[in-house]
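Just my_file.cif here, mmCIF, C-alpha atoms:
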data_coords
loop_
_atom_site.label_atom_id
_atom_site.label_comp_id
_atom_site.auth_asym_id
_atom_site.auth_seq_id
_atom_site.Cartn_x
_atom_site.Cartn_y
_atom_site.Cartn_z
CA MET U 18 59.37 117.95 113.10
CA ASN U 19 56.44 120.29 112.45
CA GLN U 20 54.07 121.35 115.23
CA PRO U 21 51.16 118.86 115.17
CA SER U 22 47.68 120.13 114.33
CA VAL U 23 45.94 117.20 116.06
CA GLY U 24 46.93 115.62 119.36
CA VAL U 25 45.48 112.24 120.31
CA VAL U 26 45.64 110.93 123.87
CA GLY U 27 44.36 107.38 123.91
CA SER U 28 44.67 103.65 123.49
CA ILE U 29 47.04 101.66 121.32
CA ASN U 30 46.26 97.97 120.68
CA VAL U 31 46.85 95.09 118.39
CA ASP U 32 43.66 93.58 116.97
CA LEU U 33 43.18 89.83 116.65
CA LEU U 34 40.71 89.58 113.75
CA LEU U 35 38.45 86.53 113.45
CA LYS U 36 35.96 85.87 110.64
CA VAL U 37 32.78 83.94 111.55
CA ARG U 38 29.57 83.15 109.72
CA ASP U 39 27.44 84.34 112.65
CA LEU U 40 28.45 86.09 115.86
CA PRO U 41 28.16 83.67 118.80
CA GLY U 42 25.51 84.14 121.46
CA PRO U 43 25.94 83.29 125.15
CA GLY U 44 27.14 79.70 125.57
CA HIS U 45 27.60 79.22 121.80
CA THR U 46 30.68 77.90 120.03
CA VAL U 47 31.25 78.79 116.38
CA LEU U 48 34.01 77.99 113.92
CA GLY U 49 36.04 80.87 112.55
CA GLU U 50 38.98 81.65 110.38
CA GLY U 51 41.62 84.34 110.15
CA GLY U 52 43.46 84.94 113.38
CA THR U 53 45.61 87.71 111.93
CA LEU U 54 47.07 90.50 114.06
CA SER U 55 46.88 94.13 112.96
CA PRO U 56 47.27 97.57 114.62
CA GLY U 57 44.25 98.96 116.46
CA GLY U 58 42.99 100.76 119.56
CA LYS U 59 40.62 103.72 119.43
CA GLY U 60 43.33 106.31 120.04
CA SER U 61 45.70 104.82 117.48
CA ASN U 62 42.90 104.35 114.94
CA GLN U 63 41.81 107.97 115.26
CA ALA U 64 45.37 109.25 115.06
CA LEU U 65 45.97 107.31 111.84
CA ALA U 66 42.66 108.37 110.30
CA ALA U 67 43.55 112.01 110.95
CA ALA U 68 47.11 111.63 109.64
CA ARG U 69 45.88 110.00 106.42
CA GLN U 70 43.77 113.11 105.84
CA GLY U 71 46.92 115.17 105.60
CA VAL U 72 47.42 116.78 109.03
CA GLU U 73 50.36 116.53 111.43
CA VAL U 74 49.41 114.30 114.36
CA ALA U 75 51.01 113.60 117.77
CA MET U 76 50.06 110.43 119.63
CA VAL U 77 50.23 110.13 123.43
CA GLY U 78 49.85 106.64 124.85
CA ALA U 79 51.66 103.45 125.82
CA VAL U 80 52.61 100.04 124.47
CA GLY U 81 54.08 97.07 126.31
CA ASP U 82 57.49 95.47 126.21
CA ASP U 83 56.22 92.45 124.27
CA ALA U 84 56.49 91.41 120.63
CA HIS U 85 53.20 93.13 119.79
CA ALA U 86 54.47 96.64 120.49
CA GLU U 87 56.11 97.17 117.11
CA ALA U 88 53.13 95.71 115.24
CA ALA U 89 50.81 98.14 117.07
CA LEU U 90 52.73 101.16 115.78
CA VAL U 91 53.58 100.21 112.21
CA TYR U 92 50.89 102.23 110.38
CA LEU U 93 51.36 105.25 112.64
CA GLN U 94 55.07 105.22 111.79
CA GLU U 95 54.34 104.91 108.08
CA ALA U 96 51.95 107.90 108.24
CA GLY U 97 54.52 110.07 110.03
CA VAL U 98 52.65 110.36 113.34
CA ASP U 99 54.79 111.87 116.12
CA LEU U 100 55.35 108.99 118.56
CA ARG U 101 57.77 110.69 120.95
CA HIS U 102 55.15 110.55 123.71
CA VAL U 103 54.27 106.87 123.23
CA HIS U 104 55.83 105.18 126.27
CA ARG U 105 57.12 101.60 126.57
CA VAL U 106 55.96 100.01 129.83
CA ALA U 107 56.39 96.59 131.42
CA GLY U 108 53.74 94.06 130.43
CA PRO U 109 51.62 93.34 127.38
CA THR U 110 50.46 95.75 124.70
CA GLY U 111 46.68 96.28 124.62
CA LEU U 112 44.75 93.59 122.76
CA ALA U 113 41.35 93.63 121.06
CA VAL U 114 39.73 90.38 119.90
CA VAL U 115 37.44 91.27 116.99
CA ALA U 116 34.91 88.82 115.53
CA VAL U 117 33.29 89.84 112.21
CA ASP U 118 30.30 88.02 110.70
CA ASP U 119 29.23 87.59 107.08
CA ASN U 120 27.21 90.83 107.22
CA GLY U 121 30.22 92.86 108.32
CA GLU U 122 28.91 93.29 111.88
CA ASN U 123 31.28 92.71 114.77
CA ASN U 124 31.72 92.25 118.47
CA ILE U 125 34.90 93.22 120.28
CA ILE U 126 36.57 92.28 123.56
CA VAL U 127 39.33 94.67 124.69
CA VAL U 128 42.12 93.78 127.13
CA PRO U 129 43.66 97.15 128.12
CA GLY U 130 47.22 95.97 128.82
CA ALA U 131 49.63 98.92 128.59
CA ASN U 132 46.76 101.36 128.08
CA SER U 133 46.11 101.15 131.82
CA ALA U 134 49.54 102.75 132.31
CA VAL U 135 48.59 105.95 130.45
CA THR U 136 48.64 107.91 133.68
CA PRO U 137 48.33 111.66 134.25
CA SER U 138 52.13 111.85 134.50
CA ILE U 139 52.42 110.67 130.88
CA VAL U 140 50.11 113.46 129.80
CA ASP U 141 51.98 115.96 131.98
CA SER U 142 55.14 115.23 130.03
CA ALA U 143 53.35 115.97 126.75
CA LEU U 144 51.33 119.03 127.78
CA THR U 145 53.68 121.58 126.24
CA GLU U 146 53.30 119.99 122.83
CA LEU U 147 49.58 119.34 123.19
CA LYS U 148 48.93 122.97 124.09
CA GLY U 149 50.06 123.88 120.59
CA CYS U 150 47.48 121.62 118.92
CA PRO U 151 44.27 123.28 117.67
CA VAL U 152 42.44 119.95 118.15
CA VAL U 153 42.95 117.30 120.85
CA VAL U 154 41.09 113.99 120.64
CA LEU U 155 40.11 111.84 123.65
CA GLN U 156 38.18 108.57 124.07
CA GLY U 157 37.21 106.12 126.80
CA GLU U 158 39.89 103.41 126.66
CA ILE U 159 42.47 104.93 129.03
CA PRO U 160 42.12 105.70 132.76
CA GLU U 161 39.40 108.23 133.59
CA GLU U 162 41.72 110.46 135.61
CA THR U 163 44.02 110.86 132.59
CA THR U 164 41.19 111.91 130.32
CA GLU U 165 39.93 114.30 133.01
CA LEU U 166 43.35 115.91 133.40
CA THR U 167 43.89 116.25 129.65
CA ALA U 168 40.53 117.88 128.97
CA LYS U 169 40.74 120.27 131.93
CA SER U 170 44.35 121.23 131.18
CA LEU U 171 43.83 121.93 127.49
CA ALA U 172 40.25 123.07 126.86
CA GLY U 173 40.02 126.76 126.11
CA PRO U 174 40.99 129.35 123.54
CA GLY U 175 43.19 127.82 120.88
CA THR U 176 42.47 124.15 121.66
CA ARG U 177 39.28 122.30 120.77
CA ILE U 178 38.54 119.07 122.65
CA VAL U 179 36.98 116.33 120.52
CA LEU U 180 35.66 113.70 122.93
CA ASN U 181 34.60 110.34 121.55
CA LEU U 182 33.07 108.93 124.71
CA ALA U 183 33.39 105.29 123.69
CA PRO U 184 33.05 103.36 125.81
CA VAL U 185 31.10 105.65 128.13
CA ILE U 186 33.22 105.97 131.26
CA GLY U 187 32.53 107.87 134.46
CA LEU U 188 33.92 111.26 133.53
CA SER U 189 32.60 114.20 135.49
CA PRO U 190 29.80 116.14 133.79
CA GLU U 191 32.10 119.18 133.83
CA THR U 192 34.67 117.32 131.73
CA ILE U 193 32.10 116.03 129.25
CA LEU U 194 30.80 119.56 128.77
CA LEU U 195 34.28 120.73 127.76
CA SER U 196 34.01 118.76 124.51
CA ASP U 197 33.29 120.56 121.25
CA PRO U 198 32.13 118.28 119.76
CA LEU U 199 31.15 115.22 121.75
CA ILE U 200 31.01 112.29 119.29
CA VAL U 201 28.91 109.26 120.27
CA ASN U 202 26.69 106.65 118.67
CA GLU U 203 22.99 106.35 119.49
CA HIS U 204 23.48 103.94 122.40
CA GLU U 205 26.30 106.00 123.89
CA ALA U 206 24.29 109.20 123.50
CA GLY U 207 21.57 107.73 125.70
CA GLN U 208 24.12 106.68 128.31
CA VAL U 209 25.65 110.16 128.35
CA LEU U 210 22.23 111.75 128.81
CA VAL U 211 21.61 109.49 131.81
CA HIS U 212 25.02 110.39 133.19
CA LEU U 213 24.24 114.10 132.77
CA ARG U 214 20.88 113.50 134.47
CA SER U 215 18.99 114.60 131.38
CA VAL U 216 15.93 113.10 129.74
CA VAL U 217 16.60 110.34 127.22
CA PRO U 218 14.20 110.70 124.26
CA ALA U 219 11.84 107.83 123.61
CA PRO U 220 12.91 105.45 120.83
CA HIS U 221 11.73 106.48 117.36
CA SER U 222 10.99 104.15 114.47
CA ASP U 223 13.10 106.38 112.24
CA PRO U 224 16.77 106.24 113.34
CA VAL U 225 17.45 109.63 111.76
CA GLU U 226 14.71 111.30 113.80
CA HIS U 227 15.96 109.50 116.89
CA GLY U 228 19.43 110.88 116.16
CA ARG U 229 17.99 114.38 115.89
CA ALA U 230 16.24 113.98 119.24
CA LEU U 231 19.43 112.72 120.91
CA CYS U 232 21.35 115.71 119.56
CA ARG U 233 18.73 118.11 120.87
CA GLY U 234 18.84 116.39 124.26
CA LEU U 235 22.63 116.65 124.49
CA LEU U 236 22.60 120.28 123.42
CA GLY U 237 19.95 120.95 126.04
CA ALA U 238 22.21 119.32 128.64
CA GLY U 239 24.85 121.95 127.94
CA LEU U 240 27.06 120.55 125.15
CA ALA U 241 28.46 123.17 122.76
CA SER U 242 28.23 120.76 119.83
CA VAL U 243 27.60 117.08 119.27
CA ILE U 244 27.78 114.45 116.55
CA VAL U 245 25.60 111.36 116.92
CA THR U 246 26.69 108.68 114.46
CA LEU U 247 23.90 106.74 112.77
CA GLY U 248 25.71 103.89 111.01
CA SER U 249 24.57 103.50 107.41
CA LYS U 250 22.34 106.57 107.80
CA GLY U 251 25.30 108.92 108.35
CA ALA U 252 25.36 111.27 111.34
CA ALA U 253 23.37 113.97 113.11
CA VAL U 254 25.26 117.19 113.83
CA GLY U 255 23.97 119.41 116.63
CA GLN U 256 25.09 122.99 117.20
CA HIS U 257 23.60 126.14 118.74
CA ASP U 258 21.67 126.85 115.53
CA GLY U 259 20.01 123.45 115.30
CA VAL U 260 20.52 119.88 114.12
CA GLU U 261 21.44 118.80 110.60
CA ILE U 262 21.84 115.36 109.06
CA VAL U 263 24.89 114.31 107.06
CA ALA U 264 23.75 111.40 104.90
CA ALA U 265 26.06 108.50 104.09
CA ARG U 266 26.50 107.12 100.60
CA ARG U 267 25.46 103.53 99.97
CA VAL U 268 28.42 101.16 100.25
CA SER U 269 29.11 97.43 100.08
CA VAL U 270 29.90 96.53 103.68
CA VAL U 271 32.76 94.10 104.28
CA ASP U 272 33.78 94.98 107.85
CA THR U 273 32.55 97.79 110.12
CA THR U 274 35.49 97.46 112.56
CA GLY U 275 36.98 100.87 113.29
CA ALA U 276 34.51 102.83 111.16
CA GLY U 277 33.54 105.09 114.04
CA ASP U 278 37.20 105.81 114.73
CA ALA U 279 37.73 106.66 111.05
CA LEU U 280 34.95 109.24 111.35
CA VAL U 281 36.37 110.74 114.55
CA GLY U 282 39.89 111.05 113.14
CA ALA U 283 38.67 112.61 109.91
CA VAL U 284 36.46 115.08 111.82
CA ALA U 285 39.50 116.11 113.88
CA ALA U 286 41.56 116.57 110.71
CA GLY U 287 38.82 118.64 109.11
CA LEU U 288 38.50 120.90 112.14
CA ALA U 289 42.29 121.32 112.31
CA ASN U 290 42.22 122.37 108.65
CA GLY U 291 39.63 125.07 109.38
CA MET U 292 36.48 123.30 108.21
CA THR U 293 33.13 123.98 109.80
CA LEU U 294 31.85 121.18 112.02
CA LEU U 295 29.25 120.25 109.41
CA ASP U 296 31.86 119.98 106.64
CA ALA U 297 34.25 118.11 108.93
CA CYS U 298 31.46 115.64 109.74
CA ALA U 299 30.75 115.19 106.02
CA LEU U 300 34.42 114.31 105.55
CA GLY U 301 34.21 111.91 108.48
CA VAL U 302 31.14 110.16 107.09
CA SER U 303 32.88 109.75 103.72
CA VAL U 304 36.05 108.34 105.29
CA ALA U 305 34.04 105.97 107.51
CA GLY U 306 32.05 104.81 104.48
CA ALA U 307 35.24 104.04 102.57
CA SER U 308 36.66 102.16 105.55
CA VAL U 309 33.86 99.58 105.73
CA GLU U 310 34.44 98.47 102.15
CA SER U 311 37.49 96.40 103.10
CA ALA U 312 38.53 94.23 106.03
CA GLY U 313 40.21 95.43 109.20
CA ALA U 314 40.45 98.79 110.89
CA GLN U 315 43.60 100.79 110.20
CA GLU U 316 44.47 99.03 106.96
CA SER U 317 41.07 100.08 105.58
CA TYR U 318 41.47 103.81 106.23
CA PRO U 319 41.72 105.88 103.04
CA TRP U 320 44.31 108.54 102.34
CA ALA U 321 43.10 112.09 101.74
CA PHE U 322 40.33 112.31 99.17
CA ALA U 323 41.13 114.36 96.07
#

Hey, can you dump this file as structure tokens for me?
Amino acid sequence: MNQPSVGVVGSINVDLLLKVRDLPGPGHTVLGEGGTLSPGGKGSNQALAAARQGVEVAMVGAVGDDAHAEAALVYLQEAGVDLRHVHRVAGPTGLAVVAVDDNGENNIIVVPGANSAVTPSIVDSALTELKGCPVVVLQGEIPEETTELTAKSLAGPGTRIVLNLAPVIGLSPETILLSDPLIVNEHEAGQVLVHLRSVVPAPHSDPVEHGRALCRGLLGAGLASVIVTLGSKGAAVGQHDGVEIVAARRVSVVDTTGAGDALVGAVAAGLANGMTLLDACALGVSVAGASVESAGAQESYPWAFA
């Protein structure tokens, strides 16, 4: 097996996908349809998105000993992702319940299951392989101490940490500042700024300008680089030489589930292939745009663009 270019340490779930006319509010009951199970989890999604862009990927995580474990890994296996460091643990595989409305918007409830067992010892057993990866991707769906250990053990010459701080968990500021880039949406960017004890820019009527301001704030807080995703507007990319906008093409939205993960995985693949951050983000925006044009998360991820 070839040395992976991208290592992903993160969550592996199955997604229970429900289709509803409108997302329910507090105390509301709505009728839905669907109820299908498909692979998911932010770590798994990002690993697959990277692999489908033509790079060798190693996944570090855990699934349960239930019937959902095999279903959670099926697309990763098909894409040739290295699963030698995916552990089987007692208990259920992680589960995400995803409701999608007629506009393609969603809400998601995640039950961590086996993801809670992704302990520092699991990462320790994979460190030799991960140290050979030019890019290592982390998120917020496994225990904080595991993410802390991974970033601190691997960040440095030869390994670039891509941190998608979603959800925003209580990582130390020192760990967050190891990321290059940090990838967050607008809401998460504000939370990170609060966590770093930096000023959160006032809301702006133009989401693109607000994205620029968030990037500048995060750079000012000490980040080496940052991507703030802006949904249908694309993404803002902040580096030492300023902030640039990567615009998204107009698409027909069917389901936005997993679009952010598609972007993160494609950015990681682009960086591993030697792209600049701006070009890697452009690839990520294109892949995310393609992913929202069909239902589901992993099944919607495109293979490498010609």

Legend entry - Evaluate the PyMOL selection byres ((chain U and resi 265) around 10) and report residues as number ranges by chain: U: 247-252, 262-264, 266-268, 299, 301-303, 305-306

Please determine the residues with any atom at most 9 Å from (50.8, 99.3, 118.6) (coordinates as given in the file, with all atoms listed in the file counting) and report them as a PDB file with C-alpha atoms, in the frame of the given file.
ATOM      1  CA  SER U  28      44.670 103.650 123.490  1.00  0.00           C
ATOM      2  CA  ILE U  29      47.040 101.660 121.320  1.00  0.00           C
ATOM      3  CA  ASN U  30      46.260  97.970 120.680  1.00  0.00           C
ATOM      4  CA  VAL U  31      46.850  95.090 118.390  1.00  0.00           C
ATOM      5  CA  SER U  55      46.880  94.130 112.960  1.00  0.00           C
ATOM      6  CA  PRO U  56      47.270  97.570 114.620  1.00  0.00           C
ATOM      7  CA  GLY U  57      44.250  98.960 116.460  1.00  0.00           C
ATOM      8  CA  GLY U  58      42.990 100.760 119.560  1.00  0.00           C
ATOM      9  CA  SER U  61      45.700 104.820 117.480  1.00  0.00           C
ATOM     10  CA  ALA U  79      51.660 103.450 125.820  1.00  0.00           C
ATOM     11  CA  VAL U  80      52.610 100.040 124.470  1.00  0.00           C
ATOM     12  CA  GLY U  81      54.080  97.070 126.310  1.00  0.00           C
ATOM     13  CA  HIS U  85      53.200  93.130 119.790  1.00  0.00           C
ATOM     14  CA  ALA U  86      54.470  96.640 120.490  1.00  0.00           C
ATOM     15  CA  GLU U  87      56.110  97.170 117.110  1.00  0.00           C
ATOM     16  CA  ALA U  88      53.130  95.710 115.240  1.00  0.00           C
ATOM     17  CA  ALA U  89      50.810  98.140 117.070  1.00  0.00           C
ATOM     18  CA  LEU U  90      52.730 101.160 115.780  1.00  0.00           C
ATOM     19  CA  VAL U  91      53.580 100.210 112.210  1.00  0.00           C
ATOM     20  CA  TYR U  92      50.890 102.230 110.380  1.00  0.00           C
ATOM     21  CA  LEU U  93      51.360 105.250 112.640  1.00  0.00           C
ATOM     22  CA  THR U 110      50.460  95.750 124.700  1.00  0.00           C
ATOM     23  CA  GLY U 111      46.680  96.280 124.620  1.00  0.00           C
TER      24      GLY U 111
END

Inset, instruction - For atom CA of Asn132 of chain U and atom CA of Ile159 of chain U, quote the distance in Å rounded to one decimal. - result: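 Going from atom CA of Asn132 of chain U over to atom CA of Ile159 of chain U covers 5.7 Å.
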
Inset, instruction - Let me know the residues the PyMOL selection byres ((chain U and resi 254) around 9) catches in the file above, as a ChimeraX atom specification. - result: /U:228-229,232,242-246,252-253,255-256,259-263,294-295,298

Legend entry - Explicit residues for the PyMOL selection byres ((chain U and resi 201) around 6) (as a PyMOL selection string): chain U and resi 181+200+202+205-206+245

Reconstruct segment 210-228 of chain U at the level of N, CA, C and O atoms, and format the result as a PDB file, in the coordinates of the input.
ATOM      1  N   LEU U 210      23.357 110.981 128.297  1.00  0.00           N
ATOM      2  CA  LEU U 210      22.230 111.750 128.810  1.00  0.00           C
ATOM      3  C   LEU U 210      21.852 111.298 130.220  1.00  0.00           C
ATOM      4  O   LEU U 210      21.562 112.132 131.093  1.00  0.00           O
ATOM      5  N   VAL U 211      21.875 109.996 130.456  1.00  0.00           N
ATOM      6  CA  VAL U 211      21.610 109.490 131.810  1.00  0.00           C
ATOM      7  C   VAL U 211      22.667 110.000 132.775  1.00  0.00           C
ATOM      8  O   VAL U 211      22.363 110.457 133.885  1.00  0.00           O
ATOM      9  N   HIS U 212      23.922 109.944 132.338  1.00  0.00           N
ATOM     10  CA  HIS U 212      25.020 110.390 133.190  1.00  0.00           C
ATOM     11  C   HIS U 212      24.902 111.887 133.513  1.00  0.00           C
ATOM     12  O   HIS U 212      25.245 112.318 134.625  1.00  0.00           O
ATOM     13  N   LEU U 213      24.416 112.660 132.558  1.00  0.00           N
ATOM     14  CA  LEU U 213      24.240 114.100 132.770  1.00  0.00           C
ATOM     15  C   LEU U 213      22.910 114.419 133.437  1.00  0.00           C
ATOM     16  O   LEU U 213      22.557 115.590 133.593  1.00  0.00           O
ATOM     17  N   ARG U 214      22.176 113.367 133.802  1.00  0.00           N
ATOM     18  CA  ARG U 214      20.880 113.500 134.470  1.00  0.00           C
ATOM     19  C   ARG U 214      19.889 114.287 133.619  1.00  0.00           C
ATOM     20  O   ARG U 214      19.128 115.134 134.102  1.00  0.00           O
ATOM     21  N   SER U 215      19.922 113.990 132.335  1.00  0.00           N
ATOM     22  CA  SER U 215      18.990 114.600 131.380  1.00  0.00           C
ATOM     23  C   SER U 215      18.034 113.546 130.859  1.00  0.00           C
ATOM     24  O   SER U 215      18.266 112.339 130.972  1.00  0.00           O
ATOM     25  N   VAL U 216      16.968 114.002 130.246  1.00  0.00           N
ATOM     26  CA  VAL U 216      15.930 113.100 129.740  1.00  0.00           C
ATOM     27  C   VAL U 216      16.416 112.415 128.470  1.00  0.00           C
ATOM     28  O   VAL U 216      16.923 113.070 127.547  1.00  0.00           O
ATOM     29  N   VAL U 217      16.267 111.092 128.425  1.00  0.00           N
ATOM     30  CA  VAL U 217      16.600 110.340 127.220  1.00  0.00           C
ATOM     31  C   VAL U 217      15.342 110.269 126.351  1.00  0.00           C
ATOM     32  O   VAL U 217      14.279 109.843 126.823  1.00  0.00           O
ATOM     33  N   PRO U 218      15.410 110.725 125.089  1.00  0.00           N
ATOM     34  CA  PRO U 218      14.200 110.700 124.260  1.00  0.00           C
ATOM     35  C   PRO U 218      13.723 109.277 124.013  1.00  0.00           C
ATOM     36  O   PRO U 218      14.515 108.332 123.959  1.00  0.00           O
ATOM     37  N   ALA U 219      12.424 109.139 123.893  1.00  0.00           N
ATOM     38  CA  ALA U 219      11.840 107.830 123.610  1.00  0.00           C
ATOM     39  C   ALA U 219      12.324 107.318 122.265  1.00  0.00           C
ATOM     40  O   ALA U 219      12.567 108.110 121.345  1.00  0.00           O
ATOM     41  N   PRO U 220      12.487 106.004 122.124  1.00  0.00           N
ATOM     42  CA  PRO U 220      12.910 105.450 120.830  1.00  0.00           C
ATOM     43  C   PRO U 220      11.959 105.864 119.719  1.00  0.00           C
ATOM     44  O   PRO U 220      10.748 106.013 119.931  1.00  0.00           O
ATOM     45  N   HIS U 221      12.515 106.072 118.531  1.00  0.00           N
ATOM     46  CA  HIS U 221      11.730 106.480 117.360  1.00  0.00           C
ATOM     47  C   HIS U 221      11.924 105.432 116.274  1.00  0.00           C
ATOM     48  O   HIS U 221      13.017 104.879 116.122  1.00  0.00           O
ATOM     49  N   SER U 222      10.876 105.152 115.527  1.00  0.00           N
ATOM     50  CA  SER U 222      10.990 104.150 114.470  1.00  0.00           C
ATOM     51  C   SER U 222      11.952 104.570 113.368  1.00  0.00           C
ATOM     52  O   SER U 222      12.522 103.733 112.669  1.00  0.00           O
ATOM     53  N   ASP U 223      12.158 105.855 113.222  1.00  0.00           N
ATOM     54  CA  ASP U 223      13.100 106.380 112.240  1.00  0.00           C
ATOM     55  C   ASP U 223      14.408 106.713 112.943  1.00  0.00           C
ATOM     56  O   ASP U 223      14.456 107.612 113.770  1.00  0.00           O
ATOM     57  N   PRO U 224      15.510 105.989 112.637  1.00  0.00           N
ATOM     58  CA  PRO U 224      16.770 106.240 113.340  1.00  0.00           C
ATOM     59  C   PRO U 224      17.302 107.654 113.135  1.00  0.00           C
ATOM     60  O   PRO U 224      17.974 108.201 114.014  1.00  0.00           O
ATOM     61  N   VAL U 225      16.993 108.260 112.002  1.00  0.00           N
ATOM     62  CA  VAL U 225      17.450 109.630 111.760  1.00  0.00           C
ATOM     63  C   VAL U 225      16.750 110.592 112.709  1.00  0.00           C
ATOM     64  O   VAL U 225      17.377 111.472 113.314  1.00  0.00           O
ATOM     65  N   GLU U 226      15.443 110.433 112.881  1.00  0.00           N
ATOM     66  CA  GLU U 226      14.710 111.300 113.800  1.00  0.00           C
ATOM     67  C   GLU U 226      15.140 111.058 115.241  1.00  0.00           C
ATOM     68  O   GLU U 226      15.202 111.994 116.051  1.00  0.00           O
ATOM     69  N   HIS U 227      15.459 109.796 115.551  1.00  0.00           N
ATOM     70  CA  HIS U 227      15.960 109.500 116.890  1.00  0.00           C
ATOM     71  C   HIS U 227      17.306 110.192 117.106  1.00  0.00           C
ATOM     72  O   HIS U 227      17.574 110.748 118.182  1.00  0.00           O
ATOM     73  N   GLY U 228      18.156 110.183 116.084  1.00  0.00           N
ATOM     74  CA  GLY U 228      19.430 110.880 116.160  1.00  0.00           C
ATOM     75  C   GLY U 228      19.257 112.367 116.382  1.00  0.00           C
ATOM     76  O   GLY U 228      19.979 112.990 117.169  1.00  0.00           O
TER      77      GLY U 228
END
